[in-house]
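**Q** See model_21.pdb below, with PDB, C-alpha atoms, pLDDT in the B column.
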ATOM      1  CA  MET A1431     200.375-117.094-188.550  1.00 74.00           C
ATOM      2  CA  ILE A1432     199.259-113.757-187.144  1.00 87.00           C
ATOM      3  CA  GLN A1433     195.729-115.175-186.727  1.00 85.00           C
ATOM      4  CA  ASN A1434     197.015-116.802-183.517  1.00 92.00           C
ATOM      5  CA  ILE A1435     199.171-113.879-182.423  1.00 97.00           C
ATOM      6  CA  LEU A1436     197.309-113.261-179.141  1.00 97.00           C
ATOM      7  CA  GLN A1437     196.807-116.909-178.198  1.00 96.00           C
ATOM      8  CA  GLY A1438     197.981-117.382-174.599  1.00 97.00           C
ATOM      9  CA  ILE A1439     198.989-113.710-174.330  1.00 98.00           C
ATOM     10  CA  LYS A1440     198.112-111.759-171.177  1.00 98.00           C
ATOM     11  CA  ALA A1441     200.226-108.648-171.881  1.00 98.00           C
ATOM     12  CA  VAL A1442     201.366-106.749-174.952  1.00 98.00           C
ATOM     13  CA  ILE A1443     204.496-104.612-174.599  1.00 98.00           C
ATOM     14  CA  PHE A1444     205.325-101.950-177.160  1.00 98.00           C
ATOM     15  CA  ASP A1445     208.527-100.204-178.000  1.00 98.00           C
ATOM     16  CA  LEU A1446     207.691 -96.531-178.608  1.00 98.00           C
ATOM     17  CA  ASP A1447     209.627 -94.893-181.446  1.00 96.00           C
ATOM     18  CA  GLY A1448     209.028 -96.424-184.858  1.00 96.00           C
ATOM     19  CA  THR A1449     206.685 -98.979-183.283  1.00 98.00           C
ATOM     20  CA  LEU A1450     203.808 -97.247-181.512  1.00 98.00           C
ATOM     21  CA  VAL A1451     204.465 -93.738-182.869  1.00 98.00           C
ATOM     22  CA  ASP A1452     205.965 -92.560-186.162  1.00 97.00           C
ATOM     23  CA  SER A1453     208.852 -90.536-184.755  1.00 95.00           C
ATOM     24  CA  MET A1454     212.182 -91.711-186.171  1.00 90.00           C
ATOM     25  CA  TRP A1455     212.238 -88.767-188.591  1.00 91.00           C
ATOM     26  CA  VAL A1456     212.447 -86.440-185.573  1.00 93.00           C
ATOM     27  CA  TRP A1457     215.759 -87.909-184.459  1.00 88.00           C
ATOM     28  CA  ALA A1458     217.333 -87.677-187.898  1.00 86.00           C
ATOM     29  CA  ALA A1459     216.562 -83.935-187.849  1.00 88.00           C
ATOM     30  CA  ILE A1460     217.822 -83.515-184.270  1.00 90.00           C
ATOM     31  CA  ASP A1461     221.066 -85.363-185.034  1.00 90.00           C
ATOM     32  CA  TYR A1462     221.711 -83.032-187.956  1.00 90.00           C
ATOM     33  CA  GLU A1463     220.924 -79.850-186.024  1.00 91.00           C
ATOM     34  CA  TYR A1464     222.826 -80.890-182.906  1.00 94.00           C
ATOM     35  CA  PHE A1465     226.004 -82.020-184.660  1.00 95.00           C
ATOM     36  CA  LYS A1466     225.917 -78.935-186.928  1.00 93.00           C
ATOM     37  CA  LYS A1467     225.721 -76.722-183.815  1.00 92.00           C
ATOM     38  CA  HIS A1468     228.990 -78.277-182.688  1.00 94.00           C
ATOM     39  CA  GLY A1469     230.632 -77.912-186.102  1.00 95.00           C
ATOM     40  CA  LEU A1470     230.334 -81.595-186.958  1.00 94.00           C
ATOM     41  CA  GLU A1471     228.684 -83.728-189.605  1.00 93.00           C
ATOM     42  CA  VAL A1472     226.460 -86.608-188.561  1.00 92.00           C
ATOM     43  CA  PRO A1473     228.386 -89.876-189.001  1.00 89.00           C
ATOM     44  CA  GLU A1474     226.714 -92.118-191.585  1.00 87.00           C
ATOM     45  CA  ASP A1475     226.701 -95.072-189.201  1.00 88.00           C
ATOM     46  CA  LEU A1476     225.494 -93.162-186.109  1.00 90.00           C
ATOM     47  CA  GLN A1477     221.984 -94.640-185.973  1.00 84.00           C
ATOM     48  CA  GLN A1478     223.353 -98.123-186.513  1.00 84.00           C
ATOM     49  CA  ARG A1479     225.838 -97.678-183.660  1.00 90.00           C
ATOM     50  CA  ILE A1480     223.355 -96.305-181.125  1.00 92.00           C
ATOM     51  CA  SER A1481     220.341 -98.432-182.097  1.00 86.00           C
ATOM     52  CA  GLY A1482     218.741 -99.907-178.991  1.00 84.00           C
ATOM     53  CA  MET A1483     220.729 -97.793-176.541  1.00 90.00           C
ATOM     54  CA  SER A1484     218.868 -95.983-173.796  1.00 88.00           C
ATOM     55  CA  PHE A1485     218.637 -92.184-173.853  1.00 90.00           C
ATOM     56  CA  SER A1486     221.446 -92.011-171.261  1.00 92.00           C
ATOM     57  CA  GLU A1487     223.598 -94.636-172.984  1.00 92.00           C
ATOM     58  CA  THR A1488     223.306 -92.690-176.256  1.00 94.00           C
ATOM     59  CA  ALA A1489     224.471 -89.484-174.578  1.00 94.00           C
ATOM     60  CA  ASP A1490     227.384 -91.310-172.930  1.00 95.00           C
ATOM     61  CA  PHE A1491     228.349 -92.857-176.270  1.00 95.00           C
ATOM     62  CA  ILE A1492     228.288 -89.562-178.190  1.00 95.00           C
ATOM     63  CA  LYS A1493     230.204 -87.779-175.436  1.00 94.00           C
ATOM     64  CA  GLU A1494     232.876 -90.475-175.523  1.00 95.00           C
ATOM     65  CA  HIS A1495     233.253 -90.772-179.290  1.00 95.00           C
ATOM     66  CA  TYR A1496     232.738 -87.240-180.640  1.00 94.00           C
ATOM     67  CA  PRO A1497     234.210 -83.828-179.726  1.00 94.00           C
ATOM     68  CA  ILE A1498     231.073 -82.455-178.046  1.00 93.00           C
ATOM     69  CA  SER A1499     231.625 -79.786-175.377  1.00 92.00           C
ATOM     70  CA  ASP A1500     228.245 -80.290-173.654  1.00 95.00           C
ATOM     71  CA  THR A1501     228.066 -82.431-170.541  1.00 96.00           C
ATOM     72  CA  VAL A1502     225.939 -85.572-170.755  1.00 95.00           C
ATOM     73  CA  GLU A1503     223.164 -83.914-168.731  1.00 95.00           C
ATOM     74  CA  VAL A1504     223.168 -80.786-170.903  1.00 96.00           C
ATOM     75  CA  MET A1505     223.117 -83.014-173.967  1.00 95.00           C
ATOM     76  CA  LYS A1506     220.019 -84.887-172.786  1.00 93.00           C
ATOM     77  CA  ASP A1507     218.247 -81.675-171.741  1.00 94.00           C
ATOM     78  CA  THR A1508     218.993 -80.169-175.155  1.00 94.00           C
ATOM     79  CA  TRP A1509     217.613 -83.196-176.995  1.00 94.00           C
ATOM     80  CA  ASN A1510     214.457 -83.141-174.893  1.00 91.00           C
ATOM     81  CA  ARG A1511     213.897 -79.458-175.653  1.00 93.00           C
ATOM     82  CA  MET A1512     214.543 -79.971-179.370  1.00 92.00           C
ATOM     83  CA  ALA A1513     212.116 -82.904-179.559  1.00 93.00           C
ATOM     84  CA  GLU A1514     209.292 -81.960-177.198  1.00 94.00           C
ATOM     85  CA  GLU A1515     207.352 -79.663-179.537  1.00 90.00           C
ATOM     86  CA  LYS A1516     207.484 -82.227-182.351  1.00 92.00           C
ATOM     87  CA  TYR A1517     206.426 -85.050-180.017  1.00 96.00           C
ATOM     88  CA  GLU A1518     203.533 -83.011-178.692  1.00 95.00           C
ATOM     89  CA  GLN A1519     202.280 -81.610-181.993  1.00 94.00           C
ATOM     90  CA  GLU A1520     203.683 -83.515-184.974  1.00 94.00           C
ATOM     91  CA  VAL A1521     204.454 -87.149-184.078  1.00 96.00           C
ATOM     92  CA  PRO A1522     201.448 -89.349-185.020  1.00 97.00           C
ATOM     93  CA  LEU A1523     200.464 -92.818-183.869  1.00 98.00           C
ATOM     94  CA  LYS A1524     201.326 -95.597-186.282  1.00 98.00           C
ATOM     95  CA  PRO A1525     198.362 -96.556-188.508  1.00 98.00           C
ATOM     96  CA  GLY A1526     195.823 -98.649-186.603  1.00 98.00           C
ATOM     97  CA  ALA A1527     197.636 -98.333-183.270  1.00 98.00           C
ATOM     98  CA  TYR A1528     194.744 -96.640-181.463  1.00 98.00           C
ATOM     99  CA  GLU A1529     192.277 -99.273-182.638  1.00 98.00           C
ATOM    100  CA  PHE A1530     194.612-102.063-181.534  1.00 98.00           C
ATOM    101  CA  LEU A1531     195.100-100.521-178.083  1.00 98.00           C
ATOM    102  CA  LYS A1532     191.317-100.248-177.721  1.00 98.00           C
ATOM    103  CA  TYR A1533     190.947-103.886-178.783  1.00 98.00           C
ATOM    104  CA  LEU A1534     193.503-105.027-176.193  1.00 98.00           C
ATOM    105  CA  LYS A1535     191.787-103.080-173.428  1.00 98.00           C
ATOM    106  CA  GLU A1536     188.379-104.462-174.381  1.00 97.00           C
ATOM    107  CA  HIS A1537     189.807-107.990-174.228  1.00 97.00           C
ATOM    108  CA  GLU A1538     191.476-107.361-170.838  1.00 98.00           C
ATOM    109  CA  ILE A1539     195.009-107.782-172.150  1.00 98.00           C
ATOM    110  CA  LYS A1540     197.488-105.663-170.212  1.00 98.00           C
ATOM    111  CA  ILE A1541     199.468-103.004-172.086  1.00 98.00           C
ATOM    112  CA  GLY A1542     203.012-101.791-171.434  1.00 98.00           C
ATOM    113  CA  VAL A1543     205.634 -99.573-173.031  1.00 98.00           C
ATOM    114  CA  ALA A1544     209.345-100.411-172.931  1.00 98.00           C
ATOM    115  CA  THR A1545     211.265 -97.606-174.601  1.00 96.00           C
ATOM    116  CA  SER A1546     214.819 -96.386-175.054  1.00 93.00           C
ATOM    117  CA  ASN A1547     213.556 -92.808-175.168  1.00 94.00           C
ATOM    118  CA  SER A1548     213.445 -90.346-172.257  1.00 93.00           C
ATOM    119  CA  LYS A1549     210.645 -90.502-169.685  1.00 94.00           C
ATOM    120  CA  HIS A1550     209.749 -86.892-170.474  1.00 93.00           C
ATOM    121  CA  LEU A1551     209.134 -87.515-174.168  1.00 95.00           C
ATOM    122  CA  VAL A1552     207.286 -90.796-173.769  1.00 96.00           C
ATOM    123  CA  GLU A1553     204.872 -89.286-171.236  1.00 96.00           C
ATOM    124  CA  LEU A1554     204.447 -86.213-173.446  1.00 96.00           C
ATOM    125  CA  VAL A1555     203.523 -88.127-176.598  1.00 97.00           C
ATOM    126  CA  LEU A1556     201.276 -90.641-174.822  1.00 98.00           C
ATOM    127  CA  GLN A1557     199.275 -87.768-173.324  1.00 98.00           C
ATOM    128  CA  ALA A1558     199.234 -85.747-176.548  1.00 97.00           C
ATOM    129  CA  ARG A1559     197.951 -88.692-178.625  1.00 97.00           C
ATOM    130  CA  GLY A1560     195.315 -89.574-176.017  1.00 97.00           C
ATOM    131  CA  ILE A1561     196.591 -93.064-175.208  1.00 98.00           C
ATOM    132  CA  ALA A1562     198.164 -92.602-171.750  1.00 98.00           C
ATOM    133  CA  GLU A1563     195.014 -94.023-170.136  1.00 98.00           C
ATOM    134  CA  TYR A1564     195.497 -97.301-172.013  1.00 98.00           C
ATOM    135  CA  MET A1565     198.910 -97.963-170.477  1.00 98.00           C
ATOM    136  CA  ASP A1566     199.265-100.230-167.459  1.00 98.00           C
ATOM    137  CA  SER A1567     203.066 -99.848-167.269  1.00 98.00           C
ATOM    138  CA  VAL A1568     205.548 -97.429-168.853  1.00 98.00           C
ATOM    139  CA  HIS A1569     209.289 -97.755-168.317  1.00 98.00           C
ATOM    140  CA  THR A1570     212.430 -96.534-170.042  1.00 96.00           C
ATOM    141  CA  ALA A1571     215.767 -98.268-170.527  1.00 95.00           C
ATOM    142  CA  CYS A1572     217.369 -95.565-168.359  1.00 93.00           C
ATOM    143  CA  GLU A1573     215.786 -97.380-165.393  1.00 97.00           C
ATOM    144  CA  VAL A1574     217.669-100.637-165.952  1.00 96.00           C
ATOM    145  CA  ALA A1575     221.313-101.675-166.085  1.00 96.00           C
ATOM    146  CA  HIS A1576     221.473-102.334-169.824  1.00 95.00           C
ATOM    147  CA  GLY A1577     219.557-101.123-172.863  1.00 94.00           C
ATOM    148  CA  LYS A1578     218.455-103.251-175.800  1.00 96.00           C
ATOM    149  CA  PRO A1579     219.436-105.861-177.043  1.00 96.00           C
ATOM    150  CA  GLU A1580     219.670-106.933-173.399  1.00 97.00           C
ATOM    151  CA  PRO A1581     216.286-108.068-172.037  1.00 98.00           C
ATOM    152  CA  ASP A1582     216.324-105.864-168.888  1.00 98.00           C
ATOM    153  CA  ILE A1583     213.664-103.335-169.917  1.00 98.00           C
ATOM    154  CA  TYR A1584     211.199-105.977-171.090  1.00 98.00           C
ATOM    155  CA  LEU A1585     211.643-108.034-167.936  1.00 98.00           C
ATOM    156  CA  LEU A1586     211.039-104.903-165.840  1.00 98.00           C
ATOM    157  CA  VAL A1587     207.764-104.126-167.604  1.00 98.00           C
ATOM    158  CA  ALA A1588     206.599-107.762-167.374  1.00 98.00           C
ATOM    159  CA  GLU A1589     207.323-107.748-163.640  1.00 98.00           C
ATOM    160  CA  ASP A1590     205.397-104.505-163.244  1.00 98.00           C
ATOM    161  CA  LEU A1591     202.454-105.993-165.162  1.00 98.00           C
ATOM    162  CA  GLU A1592     202.620-109.127-162.973  1.00 98.00           C
ATOM    163  CA  VAL A1593     202.844-111.532-165.905  1.00 98.00           C
ATOM    164  CA  THR A1594     205.450-114.105-166.912  1.00 98.00           C
ATOM    165  CA  PRO A1595     207.651-113.500-169.978  1.00 98.00           C
ATOM    166  CA  GLU A1596     205.931-116.400-171.751  1.00 98.00           C
ATOM    167  CA  GLN A1597     202.626-114.528-171.474  1.00 98.00           C
ATOM    168  CA  CYS A1598     204.004-111.417-173.205  1.00 98.00           C
ATOM    169  CA  LEU A1599     203.999-110.307-176.829  1.00 98.00           C
ATOM    170  CA  VAL A1600     206.499-107.621-177.839  1.00 98.00           C
ATOM    171  CA  PHE A1601     206.094-105.201-180.768  1.00 98.00           C
ATOM    172  CA  GLU A1602     209.375-103.778-182.096  1.00 98.00           C
ATOM    173  CA  ASP A1603     210.740-101.940-185.122  1.00 97.00           C
ATOM    174  CA  ILE A1604     214.479-102.603-184.633  1.00 96.00           C
ATOM    175  CA  LEU A1605     216.519-105.797-184.530  1.00 97.00           C
ATOM    176  CA  GLN A1606     218.010-104.931-181.139  1.00 96.00           C
ATOM    177  CA  GLY A1607     214.513-104.677-179.699  1.00 97.00           C
ATOM    178  CA  ILE A1608     213.415-107.960-181.244  1.00 98.00           C
ATOM    179  CA  TRP A1609     216.517-109.618-179.785  1.00 98.00           C
ATOM    180  CA  ALA A1610     215.749-108.067-176.391  1.00 98.00           C
ATOM    181  CA  GLY A1611     212.217-109.451-176.423  1.00 98.00           C
ATOM    182  CA  LYS A1612     213.404-112.898-177.478  1.00 98.00           C
ATOM    183  CA  SER A1613     216.144-112.887-174.835  1.00 98.00           C
ATOM    184  CA  ALA A1614     213.474-112.094-172.256  1.00 98.00           C
ATOM    185  CA  GLY A1615     211.591-115.235-173.314  1.00 98.00           C
ATOM    186  CA  MET A1616     208.748-113.341-174.991  1.00 98.00           C
ATOM    187  CA  ARG A1617     207.096-113.704-178.377  1.00 98.00           C
ATOM    188  CA  THR A1618     207.947-110.891-180.785  1.00 98.00           C
ATOM    189  CA  CYS A1619     206.302-109.088-183.679  1.00 98.00           C
ATOM    190  CA  ALA A1620     208.258-106.928-186.117  1.00 98.00           C
ATOM    191  CA  VAL A1621     206.609-103.664-187.149  1.00 98.00           C
ATOM    192  CA  ALA A1622     207.486-102.023-190.454  1.00 98.00           C
ATOM    193  CA  ASP A1623     209.005 -98.542-190.300  1.00 96.00           C
ATOM    194  CA  GLN A1624     210.567 -96.395-193.001  1.00 94.00           C
ATOM    195  CA  ALA A1625     213.727 -95.884-190.952  1.00 91.00           C
ATOM    196  CA  THR A1626     214.434 -99.633-190.916  1.00 93.00           C
ATOM    197  CA  GLU A1627     213.019-100.513-194.325  1.00 94.00           C
ATOM    198  CA  CYS A1628     216.426-101.757-195.483  1.00 92.00           C
ATOM    199  CA  ILE A1629     216.498-104.533-192.856  1.00 95.00           C
ATOM    200  CA  TRP A1630     212.849-105.612-193.114  1.00 97.00           C
ATOM    201  CA  GLU A1631     213.715-109.158-194.244  1.00 97.00           C
ATOM    202  CA  GLU A1632     216.094-109.579-191.300  1.00 97.00           C
ATOM    203  CA  LYS A1633     213.366-108.406-188.923  1.00 98.00           C
ATOM    204  CA  VAL A1634     210.896-110.865-190.442  1.00 97.00           C
ATOM    205  CA  GLN A1635     213.379-113.717-190.002  1.00 98.00           C
ATOM    206  CA  GLU A1636     214.159-112.828-186.379  1.00 98.00           C
ATOM    207  CA  ALA A1637     210.635-112.156-185.096  1.00 98.00           C
ATOM    208  CA  ASP A1638     207.824-114.640-184.521  1.00 98.00           C
ATOM    209  CA  TYR A1639     205.401-112.431-186.446  1.00 98.00           C
ATOM    210  CA  ALA A1640     205.610-109.381-188.734  1.00 97.00           C
ATOM    211  CA  ILE A1641     203.095-106.682-189.719  1.00 97.00           C
ATOM    212  CA  ALA A1642     203.107-103.743-192.093  1.00 97.00           C
ATOM    213  CA  ASP A1643     200.926-101.818-189.635  1.00 97.00           C
ATOM    214  CA  TYR A1644     198.247-102.366-186.992  1.00 98.00           C
ATOM    215  CA  ASN A1645     195.449-102.001-189.524  1.00 97.00           C
ATOM    216  CA  GLU A1646     196.655-105.267-191.067  1.00 96.00           C
ATOM    217  CA  LEU A1647     196.622-106.867-187.631  1.00 97.00           C
ATOM    218  CA  MET A1648     193.167-105.531-186.742  1.00 97.00           C
ATOM    219  CA  THR A1649     191.710-106.888-190.003  1.00 95.00           C
ATOM    220  CA  THR A1650     192.985-110.329-189.061  1.00 94.00           C
ATOM    221  CA  LEU A1651     191.777-110.121-185.465  1.00 94.00           C
ATOM    222  CA  VAL A1652     188.291-108.981-186.421  1.00 88.00           C
ATOM    223  CA  GLN A1653     187.953-111.761-188.999  1.00 84.00           C
ATOM    224  CA  SER A1654     189.209-114.529-186.708  1.00 73.00           C
TER     225      SER A1654
END
Represent the structure contained in this file as structure tokens.
**A**
Amino acid sequence: MIQNILQGIKAVIFDLDGTLVDSMWVWAAIDYEYFKKHGLEVPEDLQQRISGMSFSETADFIKEHYPISDTVEVMKDTWNRMAEEKYEQEVPLKPGAYEFLKYLKEHEIKIGVATSNSKHLVELVLQARGIAEYMDSVHTACEVAHGKPEPDIYLLVAEDLEVTPEQCLVFEDILQGIWAGKSAGMRTCAVADQATECIWEEKVQEADYAIADYNELMTTLVQS
């Protein structure tokens, strides 16, 4: 029951893309433009194959599996440049996210971000949407040995927040992220996103909780 979702919780850790901000559409456009630039079509299973990988792991994977002439570093710089304007000006917060962050801060629950995206883009969008000040810890999977579904990034953020995994609640939009949170020993909440609509039932089964958006969650919290 989501009425008890924050019971015993001292820290909430968010994934970024598709969870805290509505940004997955950006990457579909970037994939198309980037592969087209190199005379290639985007493989139908690309997102499935790279889901959960860190920014660096994704670049390594694409370099290894597709005939891309760019170096890994050039690839990552190119993606950052292609995405930064959209992240600064067009990527919105998920519905109710701001209100939920405010609620957590008012109730002295620590807030962290554990993302597979680049540090540059996460800092950019947090500042642009006016929520950087709410964050007590922000880390990317490029800082740890393994990306999601391994628990490394969530354990790093929990350590930084000085809380135990059992005191953490993770919000995620992908299965790999839910698995990462569970492997870290944390409670997990699936967040609906259009990009993963086809696996919603799987996400519901894997996570401890599930929400359509944060407005739904806030309604429950205010009433309880």
**Q** Neighbours of segment 1592-1609 of chain A within 7 Å (only C-alpha atoms; same-chain residues fewer than 5 positions away dropped), as a PyMOL selection string?
**A** chain A and resi 1438-1445+1448-1449+1481-1482+1578-1579+1614-1623+1626+1633+1637
**Q** Rounded to one decimal in Å, what is the spacing between atom CA of Leu1446 of chain A and atom CA of Val1552 of chain A?
**A** 7.5 Å
**Q** Tell me which of A:Glu1636, A:Asp1461, A:Asp1500, A:Asp1566 sits closest to Ile1539 of chain A, counting all atoms listed in the file.
**A**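 Closest residue, counting all atoms listed in the file: A:Asp1566.
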**Q** For atom CA of Ala1558 of chain A and atom CA of Gln1519 of chain A, determine how far apart the two atoms are, in Å to one decimal place.
**A** 7.5 Å
**Q** Excluding same-chain residues fewer than 4 positions from Val1521 of chain A, what lies within 7 Å of it counting only C-alpha atoms, as a list in words?
**A** Val1451, Asp1452, Ser1453, Lys1516 and Tyr1517 of chain A
**Q** Measure the distance from atom CA of Leu1531 of chain A to atom CA of Tyr1564 of chain A in Å and round it to one decimal.
**A**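 Here the two named atoms are 6.9 Å from each other.
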**Q** Tell me which residues the PyMOL selection byres ((chain A and resi 1569) around 7) grabs here, as a list in words.
**A**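 For this structure, the PyMOL selection byres ((chain A and resi 1569) around 7) resolves to Val1543, Ala1544, Thr1545, Ser1567, Val1568, Thr1570, Ala1571 and Val1587 of chain A.
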**Q** Hey, could you patch up segment 1508-1528 of chain A with N, CA and C atoms and hand it over as a short mmCIF file (atom, residue, chain, number, x, y, z; two decimals), in the frame of the given file?
**A**
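To be explicit, this is the file written out as part_0.cif:
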data_model
loop_
_atom_site.label_atom_id
_atom_site.label_comp_id
_atom_site.auth_asym_id
_atom_site.auth_seq_id
_atom_site.Cartn_x
_atom_site.Cartn_y
_atom_site.Cartn_z
N THR A 1508 219.09 -80.81 -173.84
CA THR A 1508 218.99 -80.17 -175.16
C THR A 1508 218.15 -81.01 -176.10
N TRP A 1509 218.39 -82.31 -176.13
CA TRP A 1509 217.61 -83.20 -177.00
C TRP A 1509 216.14 -83.18 -176.62
N ASN A 1510 215.85 -83.19 -175.34
CA ASN A 1510 214.46 -83.14 -174.89
C ASN A 1510 213.77 -81.87 -175.38
N ARG A 1511 214.48 -80.74 -175.23
CA ARG A 1511 213.90 -79.46 -175.65
C ARG A 1511 213.68 -79.42 -177.17
N MET A 1512 214.64 -79.96 -177.91
CA MET A 1512 214.54 -79.97 -179.37
C MET A 1512 213.39 -80.86 -179.85
N ALA A 1513 213.10 -81.92 -179.11
CA ALA A 1513 212.12 -82.90 -179.56
C ALA A 1513 210.71 -82.66 -179.03
N GLU A 1514 210.59 -81.96 -177.88
CA GLU A 1514 209.29 -81.96 -177.20
C GLU A 1514 208.16 -81.34 -178.03
N GLU A 1515 208.42 -80.27 -178.74
CA GLU A 1515 207.35 -79.66 -179.54
C GLU A 1515 206.89 -80.61 -180.64
N LYS A 1516 207.85 -81.29 -181.28
CA LYS A 1516 207.48 -82.23 -182.35
C LYS A 1516 206.71 -83.42 -181.79
N TYR A 1517 207.13 -83.92 -180.62
CA TYR A 1517 206.43 -85.05 -180.02
C TYR A 1517 205.01 -84.66 -179.59
N GLU A 1518 204.85 -83.45 -179.15
CA GLU A 1518 203.53 -83.01 -178.69
C GLU A 1518 202.60 -82.70 -179.85
N GLN A 1519 203.15 -82.14 -180.94
CA GLN A 1519 202.28 -81.61 -181.99
C GLN A 1519 202.36 -82.34 -183.33
N GLU A 1520 203.49 -83.00 -183.62
CA GLU A 1520 203.68 -83.52 -184.97
C GLU A 1520 203.82 -85.03 -185.08
N VAL A 1521 204.23 -85.70 -184.01
CA VAL A 1521 204.45 -87.15 -184.08
C VAL A 1521 203.12 -87.89 -183.98
N PRO A 1522 202.73 -88.64 -185.04
CA PRO A 1522 201.45 -89.35 -185.02
C PRO A 1522 201.60 -90.79 -184.51
N LEU A 1523 200.48 -91.38 -184.15
CA LEU A 1523 200.46 -92.82 -183.87
C LEU A 1523 200.67 -93.57 -185.18
N LYS A 1524 201.21 -94.76 -185.09
CA LYS A 1524 201.33 -95.60 -186.28
C LYS A 1524 199.91 -96.01 -186.71
N PRO A 1525 199.70 -96.22 -188.00
CA PRO A 1525 198.36 -96.56 -188.51
C PRO A 1525 197.75 -97.76 -187.79
N GLY A 1526 196.54 -97.58 -187.27
CA GLY A 1526 195.82 -98.65 -186.60
C GLY A 1526 196.20 -98.87 -185.15
N ALA A 1527 197.16 -98.11 -184.64
CA ALA A 1527 197.64 -98.33 -183.27
C ALA A 1527 196.55 -98.06 -182.25
N TYR A 1528 195.80 -96.98 -182.43
CA TYR A 1528 194.74 -96.64 -181.46
C TYR A 1528 193.69 -97.74 -181.41
#
